[in-house]
Amino acid sequence: MSKSNSPLNDFMNGIWKQNPIFKQVLGTCPTLAVTVSIVNGVAMGLATTFVLLFSSLIISMIKKLIPNQVRIAAYIVVIATFVTIVDIVMKAQFPDLSKALGPFIPLIVVNCIILGRAEAFASKNTVVRSGFDALGMGAGFTLALIVIGSIREILGSNKLFGFVVLPDTVEPMLIFILPAGAFLTLGILFGIANNYEQKKKDKEIQKAITAERSTKLVTAPASVQTETEEA
Amino acid sequence: MNNVTKMLVTLVVIGAISGGLLAKIFEWADPQIKANAQRETERAIFVVHPEGKKQEKLTGIPDELYKVMDDKGNLIGYAMPVKGNGFQGVIKMMMGVSPDLKKITGLTVLDQVETPGLGSEITKESFTDQFKKVDPTPAIVGKKGATETANDILTITGATISSKAVVKIMNLGLDELRKLKKEGKI
C-alpha cells in the first residue's frame, strides 16, 4: 500500500483489485444484457470508458466549485452530457452497433460505476489520479465484458467475433445467448474469481504465520537476554 | 441565502454548457443519422424488389409507401414499411408487393427482439421466402405442421407466436394497401 498514490497503481486497481464487475459488482445490468457477443461487449466497454474518463476528469476539475448539496445533480448532468455525445456519435458513425446496443447506451447515465467513481474517487482526488482511475475502471469493465461476451458467444452461437470457431457438429447451447446464460456465466466467473482470491489470502495467512513463528524462534533468546539485563 | 444562490448558479452554468455542447454535436451528427436511416430504408426496398432500380416516396397519403420502378421507369410494385407486436417487442419489416397487390415480391425483417434461436428465425429466408409463393387474397394464414391452401404459411416450430405476428402484420399492411387502391390513391 506504500505506493498507492502512483498513477499506475490507480490504473491497476480497476483491472483487478477493485474490478468494477468482479470485485465491486457494479454495472451488472449492462453486463448481463449486452454480452451476447464479444463485439457488443467491447463496444459497451469502450463507450463506458469514454464517459467514465471524461466525466471523471471534468468532475475532479470542478469539484471545488460545486456546492456539496447539489453535487450529485451536477455530476449526473456532466455524465449525461457525455453519454448523449456517445449516443449521437454512435448513431451517426456506427448505426449497426448503435442498433445492437439499443437502449443500453443512454442507460450508461445511470451505470453505477460512473457515478460511483465520481463520488468515491474523482470528487476527492486530483485530475491526473482521477483520469488514471477512470481508465483503469474502464479497462477492468471492458475486460470483464470481453471475457463474459466471448464465453457466451462461443458456447451460445459457436462463433467468436462473428467468425465460426466451433464445427457444426457441436450444437450451439442457446441458453448462453438468453438471459439465463448471462447469469450462469457471471455467477461461475464470480465463483472462480472469489476462489482465486480466497486461495491467495489463505496462502498469505499461512506465510505470515510461518514467518512469525520463525522470527519468534530467532528473537526469543534475545528478548530473554534484554529482560535479564534490565533486571 | 448565499449558498442557495451558489447552488442555483452552479447548476444553471453546468446545464447551459452541456446544452450548448450537445446542440453543436447534434447539429453535426443529424444529417448523418438521417442519411443512415434513408440508406437503410433504400436497401430494404431493393431487397423486397430485387429487380427494382429506382424508388420514389408517395406523397399525399397517410402511410409511408414507396413506388418501385425498373430501369425504364415502369412501375413494378410497391414497398411499404410495416410494424406490429411480436412475442417480446415490436417487429418492423419491409414488405414488397406487385402493382395489382396479388403477389408479395419480398419481405425483410428490419428490427425484432424475438427469442434468439426460436422467434428470431423469422428473419431467415427459409421463412420469409414462403411469402413470395403465397396467395395473399383474401388473407394469409399461419398454419402449424403442414400447409393446406394457397393462403397458408408454415409457422416456425417453437415460434408460433412470432410467425403468426409476422402474418398478422403482413395482412394489416395488405389491407391498408387495398384500401388505398380502392380509394384510387395508388
# chains A, B, ... in the order shown; residues from 1 in each chain; ligands from 1
$ closest_atom_pairs --of "chain B" --to "chain A" --cutoff "10 Å" --atoms "only C-alpha atoms" --output "Markdown table"
| residue | atom | partner | partner_atom | distance |
| --- | --- | --- | --- | --- |
| B:Asn3 | CA | A:Pro67 | CA | 7.7 |
| B:Val4 | CA | A:Pro67 | CA | 9.1 |
| B:Lys6 | CA | A:Pro67 | CA | 7.1 |
| B:Met7 | CA | A:Pro67 | CA | 5.9 |
| B:Leu8 | CA | A:Val70 | CA | 8.9 |
| B:Val9 | CA | A:Ile66 | CA | 9.7 |
| B:Thr10 | CA | A:Ile66 | CA | 6.4 |
| B:Leu11 | CA | A:Ala74 | CA | 6.2 |
| B:Val12 | CA | A:Ala74 | CA | 9.6 |
| B:Val13 | CA | A:Ala74 | CA | 9.9 |
| B:Ile14 | CA | A:Ala74 | CA | 7.0 |
| B:Gly15 | CA | A:Val77 | CA | 6.8 |
| B:Ile17 | CA | A:Thr81 | CA | 9.4 |
| B:Ser18 | CA | A:Thr81 | CA | 5.8 |
| B:Gly19 | CA | A:Thr81 | CA | 7.9 |
| B:Leu21 | CA | A:Thr81 | CA | 8.2 |
| B:Leu22 | CA | A:Ile85 | CA | 6.7 |
| B:Ala23 | CA | A:Ile85 | CA | 9.9 |
| B:Ile25 | CA | A:Ile85 | CA | 7.1 |
| B:Phe26 | CA | A:Ile88 | CA | 6.8 |
| B:Trp28 | CA | A:Ala92 | CA | 9.2 |
| B:Ala29 | CA | A:Ala92 | CA | 5.6 |
| B:Asp30 | CA | A:Ala92 | CA | 7.3 |
| B:Pro31 | CA | A:Ala92 | CA | 8.3 |
| B:Gln32 | CA | A:Ala92 | CA | 5.2 |
| B:Ile33 | CA | A:Ala92 | CA | 4.6 |
| B:Lys34 | CA | A:Ala92 | CA | 8.3 |
| B:Ala35 | CA | A:Ala92 | CA | 8.6 |
| B:Asn36 | CA | A:Pro95 | CA | 7.1 |
| B:Ala37 | CA | A:Pro95 | CA | 8.7 |
| B:Glu40 | CA | A:Pro95 | CA | 9.7 |
| B:Asp111 | CA | A:Lys99 | CA | 9.0 |
| B:Thr115 | CA | A:Leu178 | CA | 7.7 |
| B:Pro116 | CA | A:Ile177 | CA | 7.1 |
| B:Gly117 | CA | A:Leu174 | CA | 6.8 |
| B:Leu118 | CA | A:Leu174 | CA | 9.4 |
$ residues_around --residues "stretch 125-136 of chain B" --least-positions-apart "5" --cutoff "6 Å" --atoms "only C-alpha atoms" --output "PyMOL selection string"
chain B and resi 104-107+150-151
$ write_last_selection --atoms "N, CA and C atoms" --output "PDB file, in the first residue's frame"
ATOM      1  N   ILE B 104     -46.849 -11.105 -53.326  1.00  0.00           N
ATOM      2  CA  ILE B 104     -45.827 -10.498 -52.472  1.00  0.00           C
ATOM      3  C   ILE B 104     -44.467 -10.755 -53.122  1.00  0.00           C
ATOM      4  N   THR B 105     -43.734  -9.685 -53.372  1.00  0.00           N
ATOM      5  CA  THR B 105     -42.456  -9.863 -54.065  1.00  0.00           C
ATOM      6  C   THR B 105     -41.310 -10.099 -53.095  1.00  0.00           C
ATOM      7  N   GLY B 106     -41.525  -9.757 -51.850  1.00  0.00           N
ATOM      8  CA  GLY B 106     -40.446  -9.977 -50.897  1.00  0.00           C
ATOM      9  C   GLY B 106     -40.804  -9.443 -49.531  1.00  0.00           C
ATOM     10  N   LEU B 107     -40.002  -9.880 -48.554  1.00  0.00           N
ATOM     11  CA  LEU B 107     -40.251  -9.471 -47.174  1.00  0.00           C
ATOM     12  C   LEU B 107     -38.924  -9.521 -46.453  1.00  0.00           C
ATOM     13  N   ALA B 150     -53.553 -22.390 -50.688  1.00  0.00           N
ATOM     14  CA  ALA B 150     -52.549 -21.472 -51.240  1.00  0.00           C
ATOM     15  C   ALA B 150     -52.340 -20.255 -50.352  1.00  0.00           C
ATOM     16  N   ASN B 151     -53.233 -20.047 -49.394  1.00  0.00           N
ATOM     17  CA  ASN B 151     -53.106 -18.900 -48.489  1.00  0.00           C
ATOM     18  C   ASN B 151     -52.192 -19.191 -47.297  1.00  0.00           C
TER      19      ASN B 151
END
$ residues_around --residues "stretch 12-26 of chain A" --least-positions-apart "6" --cutoff "10 Å" --atoms "only C-alpha atoms" --output "JSON, numbers by chain"
{"A": [4, 111, 112, 113, 114, 116, 117, 132, 133, 134, 135, 136, 137, 138, 139, 140, 141, 142, 143, 144, 145, 186, 187, 189, 190, 191, 192, 193, 194, 197]}
$ residues_around --residues "stretch 94-97 of chain B" --least-positions-apart "6" --cutoff "9 Å" --atoms "only C-alpha atoms" --output "list of chain:residue names"
B:Thr41, B:Ala44, B:Ile45, B:Phe46, B:Val47, B:Val48, B:His49, B:Ile76, B:Gly77, B:Tyr78, B:Ala79, B:Met80, B:Pro81, B:Val82, B:Lys83, B:Lys103, B:Ile104, B:Thr105, B:Gly106, B:Leu107, B:Thr108, B:Val109, B:Leu110, B:Met170, B:Gly173, B:Leu174
$ write_last_selection --atoms "C-alpha atoms" --output "compact mmCIF listing (two decimals), in the first residue's frame"
# COMPACT_ATOMS: atom_id res chain seq x y z
CA THR B 41 -34.80 2.07 -45.98
CA ALA B 44 -34.63 -2.76 -47.68
CA ILE B 45 -36.76 -1.56 -50.60
CA PHE B 46 -34.43 -3.16 -53.13
CA VAL B 47 -34.26 -6.36 -51.08
CA VAL B 48 -38.02 -6.81 -51.39
CA HIS B 49 -37.91 -5.73 -55.05
CA ILE B 76 -43.02 -2.92 -60.80
CA GLY B 77 -44.57 -2.68 -57.37
CA TYR B 78 -44.79 -1.02 -54.00
CA ALA B 79 -42.68 -1.24 -50.88
CA MET B 80 -44.18 -0.48 -47.53
CA PRO B 81 -42.59 -0.45 -44.07
CA VAL B 82 -44.91 -2.26 -41.65
CA LYS B 83 -44.69 -2.99 -37.96
CA LYS B 103 -48.40 -11.12 -55.16
CA ILE B 104 -45.83 -10.50 -52.47
CA THR B 105 -42.46 -9.86 -54.06
CA GLY B 106 -40.45 -9.98 -50.90
CA LEU B 107 -40.25 -9.47 -47.17
CA THR B 108 -37.37 -8.49 -44.97
CA VAL B 109 -37.32 -8.02 -41.22
CA LEU B 110 -35.69 -4.73 -40.25
CA MET B 170 -48.46 -8.55 -43.39
CA GLY B 173 -50.29 -3.92 -44.36
CA LEU B 174 -52.05 -5.54 -47.31
$ residues_around --residues "B:Lys143" --least-positions-apart "5" --cutoff "10 Å" --atoms "only C-alpha atoms" --output "ChimeraX atom specification"
/B:148-149,151-156,160,163-164
$ select_by_dssp --residues "stretch 32-210 of chain A" --states "strand (DSSP E or B)" --output "PDB file with C-alpha atoms, in the first residue's frame"
ATOM      1  CA  LYS A 159     -18.688 -18.048 -33.014  1.00  0.00           C
ATOM      2  CA  LEU A 160     -16.072 -15.560 -31.929  1.00  0.00           C
ATOM      3  CA  PHE A 163     -16.499 -15.987 -37.206  1.00  0.00           C
ATOM      4  CA  VAL A 164     -17.383 -19.654 -36.759  1.00  0.00           C
TER       5      VAL A 164
END
$ closest_residue --among "A:Val170, A:Leu32, A:Ala211, A:Val39" --to "A:Ser98" --atoms "only C-alpha atoms"
A:Val39
$ select_by_dssp --residues "stretch 6-169 of chain B" --states "alpha helix (DSSP H)" --output "ChimeraX atom specification"
/B:6-48,125-128,130-133,160-169
